[in-house]
file start_30.tsv (TSV, N, CA and C atoms)
chain	number	residue	atom	x	y	z
A	1077	ALA	N	170.68	-34.36	-27.62
A	1077	ALA	CA	171.50	-34.15	-28.81
A	1077	ALA	C	172.98	-34.39	-28.51
A	1078	GLU	N	173.41	-33.95	-27.33
A	1078	GLU	CA	174.83	-34.08	-26.99
A	1078	GLU	C	175.23	-35.55	-26.86
A	1079	GLU	N	174.39	-36.35	-26.22
A	1079	GLU	CA	174.71	-37.78	-26.09
A	1079	GLU	C	174.67	-38.48	-27.44
A	1080	ALA	N	173.74	-38.09	-28.29
A	1080	ALA	CA	173.67	-38.67	-29.64
A	1080	ALA	C	174.93	-38.32	-30.42
A	1081	LEU	N	175.42	-37.10	-30.27
A	1081	LEU	CA	176.65	-36.68	-30.94
A	1081	LEU	C	177.82	-37.54	-30.47
A	1082	ARG	N	177.96	-37.69	-29.16
A	1082	ARG	CA	179.06	-38.52	-28.63
A	1082	ARG	C	178.97	-39.96	-29.16
A	1083	ARG	N	177.77	-40.52	-29.16
A	1083	ARG	CA	177.58	-41.90	-29.61
A	1083	ARG	C	177.91	-42.04	-31.09
A	1084	GLU	N	177.42	-41.13	-31.92
A	1084	GLU	CA	177.65	-41.21	-33.36
A	1084	GLU	C	179.13	-41.05	-33.71
A	1085	VAL	N	179.83	-40.13	-33.06
A	1085	VAL	CA	181.26	-39.95	-33.33
A	1085	VAL	C	182.01	-41.21	-32.92
A	1086	ARG	N	181.66	-41.78	-31.77
A	1086	ARG	CA	182.31	-43.01	-31.31
A	1086	ARG	C	182.05	-44.16	-32.28
A	1087	GLU	N	180.80	-44.34	-32.69
A	1087	GLU	CA	180.44	-45.45	-33.57
A	1087	GLU	C	181.00	-45.29	-34.98
A	1088	GLU	N	181.00	-44.08	-35.50
A	1088	GLU	CA	181.36	-43.89	-36.91
A	1088	GLU	C	182.85	-43.69	-37.15
A	1089	VAL	N	183.57	-43.05	-36.22
A	1089	VAL	CA	185.00	-42.82	-36.45
A	1089	VAL	C	185.88	-43.21	-35.27
A	1090	GLY	N	185.30	-43.77	-34.20
A	1090	GLY	CA	186.09	-44.31	-33.11
A	1090	GLY	C	186.73	-43.30	-32.18
A	1091	LEU	N	186.22	-42.08	-32.14
A	1091	LEU	CA	186.79	-41.06	-31.27
A	1091	LEU	C	185.83	-40.72	-30.14
A	1092	GLU	N	186.40	-40.28	-29.02
A	1092	GLU	CA	185.60	-39.83	-27.88
A	1092	GLU	C	185.56	-38.31	-27.88
A	1093	VAL	N	184.37	-37.74	-27.84
A	1093	VAL	CA	184.19	-36.29	-27.78
A	1093	VAL	C	184.44	-35.85	-26.34
A	1094	THR	N	185.37	-34.89	-26.16
A	1094	THR	CA	185.69	-34.40	-24.82
A	1094	THR	C	185.07	-33.04	-24.54
A	1095	ALA	N	184.77	-32.27	-25.58
A	1095	ALA	CA	184.11	-30.97	-25.43
A	1095	ALA	C	183.38	-30.66	-26.73
A	1096	MET	N	182.29	-29.90	-26.61
A	1096	MET	CA	181.54	-29.54	-27.81
A	1096	MET	C	180.94	-28.15	-27.64
A	1097	ARG	N	180.72	-27.50	-28.78
A	1097	ARG	CA	180.08	-26.18	-28.81
A	1097	ARG	C	179.07	-26.18	-29.94
A	1098	TYR	N	177.86	-25.77	-29.62
A	1098	TYR	CA	176.76	-25.75	-30.58
A	1098	TYR	C	176.97	-24.61	-31.58
A	1099	LEU	N	176.88	-24.93	-32.88
A	1099	LEU	CA	176.99	-23.92	-33.94
A	1099	LEU	C	175.63	-23.41	-34.37
A	1100	GLY	N	174.64	-24.28	-34.41
A	1100	GLY	CA	173.31	-23.88	-34.84
A	1100	GLY	C	172.56	-25.03	-35.46
A	1101	SER	N	171.38	-24.72	-36.00
A	1101	SER	CA	170.56	-25.74	-36.64
A	1101	SER	C	170.13	-25.25	-38.01
A	1102	HIS	N	169.71	-26.18	-38.86
A	1102	HIS	CA	169.33	-25.86	-40.23
A	1102	HIS	C	168.29	-26.87	-40.69
A	1103	PRO	N	167.18	-26.41	-41.29
A	1103	PRO	CA	166.20	-27.36	-41.80
A	1103	PRO	C	166.76	-28.12	-43.00
A	1104	ASN	N	166.30	-29.35	-43.16
A	1104	ASN	CA	166.79	-30.18	-44.25
A	1104	ASN	C	165.71	-31.20	-44.62
A	1105	THR	N	165.89	-31.86	-45.73
A	1105	THR	CA	165.02	-32.98	-46.09
A	1105	THR	C	165.91	-34.19	-46.35
A	1106	TYR	N	165.35	-35.34	-46.11
A	1106	TYR	CA	166.08	-36.59	-46.24
A	1106	TYR	C	165.18	-37.57	-46.97
A	1107	ASP	N	165.61	-38.02	-48.13
A	1107	ASP	CA	164.83	-38.98	-48.91
A	1107	ASP	C	165.28	-40.40	-48.58
A	1108	TYR	N	164.32	-41.24	-48.23
A	1108	TYR	CA	164.63	-42.63	-47.89
A	1108	TYR	C	163.50	-43.52	-48.38
A	1109	MET	N	163.83	-44.45	-49.25
A	1109	MET	CA	162.89	-45.43	-49.78
A	1109	MET	C	161.63	-44.76	-50.33
A	1110	GLY	N	161.84	-43.71	-51.10
A	1110	GLY	CA	160.73	-43.04	-51.77
A	1110	GLY	C	159.93	-42.09	-50.91
A	1111	VAL	N	160.34	-41.87	-49.67
A	1111	VAL	CA	159.64	-40.96	-48.77
A	1111	VAL	C	160.57	-39.81	-48.44
A	1112	ARG	N	160.05	-38.58	-48.49
A	1112	ARG	CA	160.85	-37.40	-48.11
A	1112	ARG	C	160.50	-37.02	-46.68
A	1113	TYR	N	161.52	-37.00	-45.83
A	1113	TYR	CA	161.36	-36.64	-44.42
A	1113	TYR	C	161.92	-35.25	-44.19
A	1114	SER	N	161.22	-34.46	-43.39
A	1114	SER	CA	161.73	-33.16	-42.96
A	1114	SER	C	162.55	-33.38	-41.70
A	1115	THR	N	163.74	-32.82	-41.66
A	1115	THR	CA	164.62	-32.98	-40.52
A	1115	THR	C	165.18	-31.63	-40.09
A	1116	THR	N	165.79	-31.62	-38.93
A	1116	THR	CA	166.55	-30.46	-38.48
A	1116	THR	C	167.95	-30.95	-38.19
A	1117	ASP	N	168.92	-30.43	-38.93
A	1117	ASP	CA	170.32	-30.78	-38.72
A	1117	ASP	C	170.91	-29.84	-37.67
A	1118	MET	N	171.76	-30.38	-36.82
A	1118	MET	CA	172.42	-29.58	-35.79
A	1118	MET	C	173.91	-29.66	-36.01
A	1119	GLY	N	174.58	-28.51	-35.91
A	1119	GLY	CA	176.03	-28.46	-36.10
A	1119	GLY	C	176.75	-28.16	-34.80
A	1120	PHE	N	177.85	-28.87	-34.58
A	1120	PHE	CA	178.66	-28.68	-33.39
A	1120	PHE	C	180.13	-28.61	-33.79
A	1121	VAL	N	180.92	-27.90	-33.01
A	1121	VAL	CA	182.37	-27.96	-33.08
A	1121	VAL	C	182.79	-28.80	-31.89
A	1122	CYS	N	183.63	-29.81	-32.14
A	1122	CYS	CA	184.00	-30.74	-31.07
A	1122	CYS	C	185.50	-30.84	-30.89
A	1123	GLN	N	185.88	-31.11	-29.66
A	1123	GLN	CA	187.24	-31.55	-29.36
A	1123	GLN	C	187.12	-33.04	-29.07
A	1124	VAL	N	188.11	-33.79	-29.54
A	1124	VAL	CA	188.06	-35.24	-29.38
A	1124	VAL	C	189.39	-35.75	-28.83
A	1125	THR	N	189.38	-37.02	-28.43
A	1125	THR	CA	190.60	-37.67	-27.98
A	1125	THR	C	191.53	-37.89	-29.17
A	1126	ASP	N	192.57	-38.56	-28.96
A	1126	ASP	CA	193.65	-38.86	-29.90
A	1126	ASP	C	193.19	-39.07	-31.34
A	1127	LEU	N	193.49	-38.10	-32.21
A	1127	LEU	CA	193.08	-38.18	-33.61
A	1127	LEU	C	193.70	-39.36	-34.35
A	1128	SER	N	194.82	-39.88	-33.85
A	1128	SER	CA	195.45	-41.01	-34.54
A	1128	SER	C	194.58	-42.26	-34.47
A	1129	GLN	N	193.58	-42.25	-33.60
A	1129	GLN	CA	192.67	-43.39	-33.47
A	1129	GLN	C	191.49	-43.32	-34.44
A	1130	ALA	N	191.39	-42.24	-35.20
A	1130	ALA	CA	190.25	-42.06	-36.11
A	1130	ALA	C	190.30	-43.08	-37.25
A	1131	ALA	N	189.17	-43.72	-37.50
A	1131	ALA	CA	189.06	-44.69	-38.59
A	1131	ALA	C	187.60	-44.80	-38.99
A	1132	ALA	N	187.36	-45.01	-40.27
A	1132	ALA	CA	185.99	-45.22	-40.76
A	1132	ALA	C	185.49	-46.55	-40.22
A	1133	ARG	N	184.42	-46.52	-39.46
A	1133	ARG	CA	183.93	-47.74	-38.82
A	1133	ARG	C	182.54	-48.15	-39.26
A	1134	GLU	N	181.90	-47.35	-40.05
A	1134	GLU	CA	180.55	-47.65	-40.52
A	1134	GLU	C	180.58	-47.85	-42.03
A	1135	SER	N	179.67	-48.62	-42.54
A	1135	SER	CA	179.67	-48.94	-43.97
A	1135	SER	C	179.42	-47.73	-44.86
A	1136	ASP	N	178.79	-46.69	-44.33
A	1136	ASP	CA	178.52	-45.51	-45.15
A	1136	ASP	C	179.64	-44.47	-45.09
A	1137	ILE	N	180.74	-44.80	-44.42
A	1137	ILE	CA	181.89	-43.90	-44.34
A	1137	ILE	C	183.06	-44.57	-45.06
A	1138	GLU	N	183.57	-43.88	-46.06
A	1138	GLU	CA	184.67	-44.44	-46.85
A	1138	GLU	C	186.02	-44.21	-46.20
A	1139	ALA	N	186.23	-43.01	-45.62
A	1139	ALA	CA	187.53	-42.68	-45.06
A	1139	ALA	C	187.39	-41.50	-44.10
A	1140	VAL	N	188.40	-41.31	-43.27
A	1140	VAL	CA	188.51	-40.13	-42.42
A	1140	VAL	C	189.61	-39.27	-43.00
A	1141	LEU	N	189.33	-38.01	-43.22
A	1141	LEU	CA	190.26	-37.09	-43.87
A	1141	LEU	C	190.42	-35.84	-43.02
A	1142	PHE	N	191.65	-35.42	-42.79
A	1142	PHE	CA	191.91	-34.19	-42.05
A	1142	PHE	C	192.41	-33.13	-43.02
A	1143	LYS	N	191.81	-31.94	-42.95
A	1143	LYS	CA	192.19	-30.84	-43.84
A	1143	LYS	C	192.38	-29.58	-43.02
A	1144	HIS	N	193.26	-28.71	-43.49
A	1144	HIS	CA	193.41	-27.38	-42.90
A	1144	HIS	C	192.14	-26.60	-43.22
A	1145	PRO	N	191.59	-25.85	-42.27
A	1145	PRO	CA	190.36	-25.10	-42.53
A	1145	PRO	C	190.41	-24.23	-43.78
A	1146	GLY	N	191.55	-23.66	-44.09
A	1146	GLY	CA	191.67	-22.81	-45.27
A	1146	GLY	C	191.58	-23.58	-46.58
A	1147	ASP	N	191.70	-24.90	-46.52
A	1147	ASP	CA	191.63	-25.73	-47.73
A	1147	ASP	C	190.23	-26.32	-47.96
A	1148	ILE	N	189.27	-25.92	-47.15
A	1148	ILE	CA	187.92	-26.46	-47.27
A	1148	ILE	C	187.04	-25.51	-48.08
A	1149	ASP	N	186.35	-26.03	-49.07
A	1149	ASP	CA	185.43	-25.25	-49.90
A	1149	ASP	C	184.01	-25.74	-49.62
A	1150	PRO	N	183.24	-25.00	-48.80
A	1150	PRO	CA	181.88	-25.43	-48.47
A	1150	PRO	C	180.98	-25.62	-49.69
A	1151	ALA	N	181.27	-24.95	-50.78
A	1151	ALA	CA	180.44	-25.08	-52.00
A	1151	ALA	C	180.50	-26.49	-52.57
A	1152	ARG	N	181.50	-27.27	-52.19
A	1152	ARG	CA	181.65	-28.63	-52.71
A	1152	ARG	C	180.89	-29.67	-51.88
A	1153	PHE	N	180.29	-29.26	-50.78
A	1153	PHE	CA	179.55	-30.19	-49.92
A	1153	PHE	C	178.22	-30.55	-50.57
A	1154	ALA	N	177.82	-31.78	-50.43
A	1154	ALA	CA	176.57	-32.25	-51.02
A	1154	ALA	C	175.35	-31.69	-50.30
A	1155	PHE	N	175.47	-31.43	-49.01
A	1155	PHE	CA	174.32	-31.00	-48.22
A	1155	PHE	C	174.46	-29.54	-47.83
A	1156	ARG	N	173.46	-28.74	-48.16
A	1156	ARG	CA	173.50	-27.30	-47.88
A	1156	ARG	C	173.63	-27.03	-46.39
A	1157	SER	N	172.98	-27.84	-45.56
A	1157	SER	CA	173.07	-27.61	-44.11
A	1157	SER	C	174.51	-27.78	-43.63
A	1158	LEU	N	175.20	-28.81	-44.10
A	1158	LEU	CA	176.59	-29.03	-43.71
A	1158	LEU	C	177.47	-27.90	-44.21
A	1159	ALA	N	177.26	-27.47	-45.45
A	1159	ALA	CA	178.03	-26.34	-45.98
A	1159	ALA	C	177.82	-25.10	-45.12
A	1160	GLY	N	176.58	-24.88	-44.68
A	1160	GLY	CA	176.29	-23.72	-43.83
A	1160	GLY	C	177.02	-23.78	-42.50
A	1161	PHE	N	177.10	-24.96	-41.90
A	1161	PHE	CA	177.83	-25.10	-40.64
A	1161	PHE	C	179.32	-24.82	-40.84
A	1162	VAL	N	179.88	-25.36	-41.91
A	1162	VAL	CA	181.30	-25.14	-42.20
A	1162	VAL	C	181.56	-23.66	-42.49
A	1163	GLU	N	180.68	-23.02	-43.25
A	1163	GLU	CA	180.83	-21.58	-43.51
A	1163	GLU	C	180.80	-20.79	-42.22
A	1164	ARG	N	179.88	-21.12	-41.33
A	1164	ARG	CA	179.79	-20.42	-40.04
A	1164	ARG	C	181.06	-20.62	-39.23
A	1165	TYR	N	181.56	-21.84	-39.19
A	1165	TYR	CA	182.80	-22.14	-38.47
A	1165	TYR	C	183.97	-21.35	-39.03
A	1166	LEU	N	184.12	-21.35	-40.35
A	1166	LEU	CA	185.22	-20.63	-40.98
A	1166	LEU	C	185.11	-19.13	-40.77
A	1167	ALA	N	183.89	-18.59	-40.74
A	1167	ALA	CA	183.69	-17.16	-40.56
A	1167	ALA	C	184.06	-16.71	-39.15
A	1168	GLU	N	184.04	-17.63	-38.19
A	1168	GLU	CA	184.38	-17.27	-36.81
A	1168	GLU	C	185.84	-16.89	-36.67
A	1169	GLY	N	186.68	-17.38	-37.54
A	1169	GLY	CA	188.10	-17.06	-37.48
A	1169	GLY	C	188.86	-17.98	-36.55
A	1170	LYS	N	190.16	-17.91	-36.66
A	1170	LYS	CA	191.05	-18.82	-35.94
A	1170	LYS	C	190.89	-18.74	-34.42
A	1171	ASP	N	190.69	-17.56	-33.86
A	1171	ASP	CA	190.62	-17.43	-32.41
A	1171	ASP	C	189.47	-18.22	-31.79
A	1172	ALA	N	188.40	-18.43	-32.55
A	1172	ALA	CA	187.24	-19.16	-32.02
A	1172	ALA	C	187.42	-20.66	-32.10
A	1173	ARG	N	188.51	-21.14	-32.68
A	1173	ARG	CA	188.70	-22.57	-32.91
A	1173	ARG	C	189.44	-23.28	-31.79
A	1174	THR	N	189.76	-22.62	-30.75
A	1174	THR	CA	190.51	-23.28	-29.68
A	1174	THR	C	189.62	-24.02	-28.73

call {"tool": "encode", "arguments": {"input": "start_30.tsv", "output": "C-alpha cells"}}
result
Amino acid sequence: AEEALRREVREEVGLEVTAMRYLGSHPNTYDYMGVRYSTTDMGFVCQVTDLSQAAARESDIEAVLFKHPGDIDPARFAFRSLAGFVERYLAEGKDART
C-alpha cells in the first residue's frame, strides 16, 4: 500500500512522499462499466517534497488546491470514505499534523 501511495501521488500530482502515517480504512463500492466492485479505501496523512511542484498530471484531475484545514467541509465530499478520513484528520487537532 505504501509503494502504491508513493507511485499514485507522483503520477497524479508530481510530488514525492517523504513520510506517511496510516489513518485507517473504510469499505466502499466503485461502479465501473455497469459493474459494482467492493473496495477498501485506505487513508494516509503524508509529508511531501516541495509543494510548489504540485500540478494536475492525470486526465481525471482538474486542479491541485491547497486549503487551510479549518476551511474544509467533509460533508461536501462526494465519497463517504474520503469524508471520513478528513473528519478523522481534523478531529486529531493541530498537534497531530506535524

call {"tool": "residues_around", "arguments": {"input": "start_30.tsv", "residues": "stretch 1078-1092 of chain A", "least_positions_apart": "3", "cutoff": "5 Å", "atoms": "all atoms listed in the file", "output": "PDB file with N, CA and C atoms, in the frame of the given file"}}
result
ATOM      1  N   VAL A1124     188.110 -33.790 -29.540  1.00  0.00           N
ATOM      2  CA  VAL A1124     188.060 -35.240 -29.380  1.00  0.00           C
ATOM      3  C   VAL A1124     189.390 -35.750 -28.830  1.00  0.00           C
ATOM      4  N   THR A1125     189.380 -37.020 -28.430  1.00  0.00           N
ATOM      5  CA  THR A1125     190.600 -37.670 -27.980  1.00  0.00           C
ATOM      6  C   THR A1125     191.530 -37.890 -29.170  1.00  0.00           C
ATOM      7  N   ALA A1130     191.390 -42.240 -35.200  1.00  0.00           N
ATOM      8  CA  ALA A1130     190.250 -42.060 -36.110  1.00  0.00           C
ATOM      9  C   ALA A1130     190.300 -43.080 -37.250  1.00  0.00           C
ATOM     10  N   ALA A1131     189.170 -43.720 -37.500  1.00  0.00           N
ATOM     11  CA  ALA A1131     189.060 -44.690 -38.590  1.00  0.00           C
ATOM     12  C   ALA A1131     187.600 -44.800 -38.990  1.00  0.00           C
ATOM     13  N   ALA A1132     187.360 -45.010 -40.270  1.00  0.00           N
ATOM     14  CA  ALA A1132     185.990 -45.220 -40.760  1.00  0.00           C
ATOM     15  C   ALA A1132     185.490 -46.550 -40.220  1.00  0.00           C
ATOM     16  N   ARG A1133     184.420 -46.520 -39.460  1.00  0.00           N
ATOM     17  CA  ARG A1133     183.930 -47.740 -38.820  1.00  0.00           C
ATOM     18  C   ARG A1133     182.540 -48.150 -39.260  1.00  0.00           C
ATOM     19  N   GLU A1134     181.900 -47.350 -40.050  1.00  0.00           N
ATOM     20  CA  GLU A1134     180.550 -47.650 -40.520  1.00  0.00           C
ATOM     21  C   GLU A1134     180.580 -47.850 -42.030  1.00  0.00           C
TER      22      GLU A1134
END

call {"tool": "atom_distance", "arguments": {"input": "start_30.tsv", "atom1": "atom C of A:Ser1114", "atom2": "atom C of A:Phe1155"}}
result
13.9 Å

call {"tool": "atom_distance", "arguments": {"input": "start_30.tsv", "atom1": "atom N of A:Glu1168", "atom2": "atom C of A:Leu1099"}}
result
10.9 Å

call {"tool": "select_by_dssp", "arguments": {"input": "start_30.tsv", "residues": "stretch 1088-1119 of chain A", "states": "strand (DSSP E or B)", "output": "list in words"}}
result
Val1093, Thr1094, Ala1095, Met1096, Arg1097, Tyr1098, Leu1099, Gly1100, Ser1101, His1102, Pro1103, Asn1104, Thr1105, Tyr1106, Asp1107, Tyr1108, Val1111, Arg1112, Tyr1113, Ser1114, Thr1115, Thr1116, Asp1117, Met1118 and Gly1119 of chain A

call {"tool": "residues_around", "arguments": {"input": "start_30.tsv", "residues": "A:Met1118", "least_positions_apart": "2", "cutoff": "6.5 Å", "atoms": "only N, CA and C atoms", "output": "PDB file with N, CA and C atoms, keeping the file's coordinate frame"}}
result
ATOM      1  N   LEU A1099     176.880 -24.930 -32.880  1.00  0.00           N
ATOM      2  CA  LEU A1099     176.990 -23.920 -33.940  1.00  0.00           C
ATOM      3  C   LEU A1099     175.630 -23.410 -34.370  1.00  0.00           C
ATOM      4  N   GLY A1100     174.640 -24.280 -34.410  1.00  0.00           N
ATOM      5  CA  GLY A1100     173.310 -23.880 -34.840  1.00  0.00           C
ATOM      6  C   GLY A1100     172.560 -25.030 -35.460  1.00  0.00           C
ATOM      7  N   SER A1101     171.380 -24.720 -36.000  1.00  0.00           N
ATOM      8  CA  SER A1101     170.560 -25.740 -36.640  1.00  0.00           C
ATOM      9  C   SER A1101     170.130 -25.250 -38.010  1.00  0.00           C
ATOM     10  N   HIS A1102     169.710 -26.180 -38.860  1.00  0.00           N
ATOM     11  CA  HIS A1102     169.330 -25.860 -40.230  1.00  0.00           C
ATOM     12  C   HIS A1102     168.290 -26.870 -40.690  1.00  0.00           C
ATOM     13  N   THR A1116     165.790 -31.620 -38.930  1.00  0.00           N
ATOM     14  CA  THR A1116     166.550 -30.460 -38.480  1.00  0.00           C
ATOM     15  C   THR A1116     167.950 -30.950 -38.190  1.00  0.00           C
ATOM     16  N   PHE A1120     177.850 -28.870 -34.580  1.00  0.00           N
ATOM     17  CA  PHE A1120     178.660 -28.680 -33.390  1.00  0.00           C
ATOM     18  C   PHE A1120     180.130 -28.610 -33.790  1.00  0.00           C
TER      19      PHE A1120
END

call {"tool": "residues_around", "arguments": {"input": "start_30.tsv", "residues": "A:Pro1150", "least_positions_apart": "6", "cutoff": "6.5 Å", "atoms": "all atoms listed in the file", "output": "ChimeraX atom specification"}}
result
/A:1159,1162-1163

call {"tool": "atom_distance", "arguments": {"input": "start_30.tsv", "atom1": "atom N of A:Gly1119", "atom2": "atom C of A:Leu1166"}}
result
14.9 Å

call {"tool": "select_by_dssp", "arguments": {"input": "start_30.tsv", "residues": "chain A", "states": "alpha helix (DSSP H)", "output": "list in words"}}
result
Glu1078, Glu1079, Ala1080, Leu1081, Arg1082, Arg1083, Glu1084, Val1085, Arg1086, Glu1087, Glu1088, Val1089, Arg1156, Ser1157, Leu1158, Ala1159, Gly1160, Phe1161, Val1162, Glu1163, Arg1164, Tyr1165, Leu1166, Ala1167 and Glu1168 of chain A

call {"tool": "axis_aligned_box", "arguments": {"input": "start_30.tsv", "around": "stretch 1087-1090 of chain A", "padding_each_side": "4 Å", "output": "lines of an AutoDock Vina configuration file"}}
result
center_x = 183.6
center_y = -44.1
center_z = -34.7
size_x = 14.3
size_y = 10.6
size_z = 13.0

call {"tool": "closest_residue", "arguments": {"input": "start_30.tsv", "among": "A:Val1140, A:Ala1151, A:Gly1160, A:Thr1094", "to": "A:Asp1126", "atoms": "only C-alpha atoms"}}
result
A:Thr1094

call {"tool": "closest_residue", "arguments": {"input": "start_30.tsv", "among": "A:Ser1157, A:Ser1135, A:His1144, A:Gly1169", "to": "A:Pro1103", "atoms": "only C-alpha atoms"}}
result
A:Ser1157
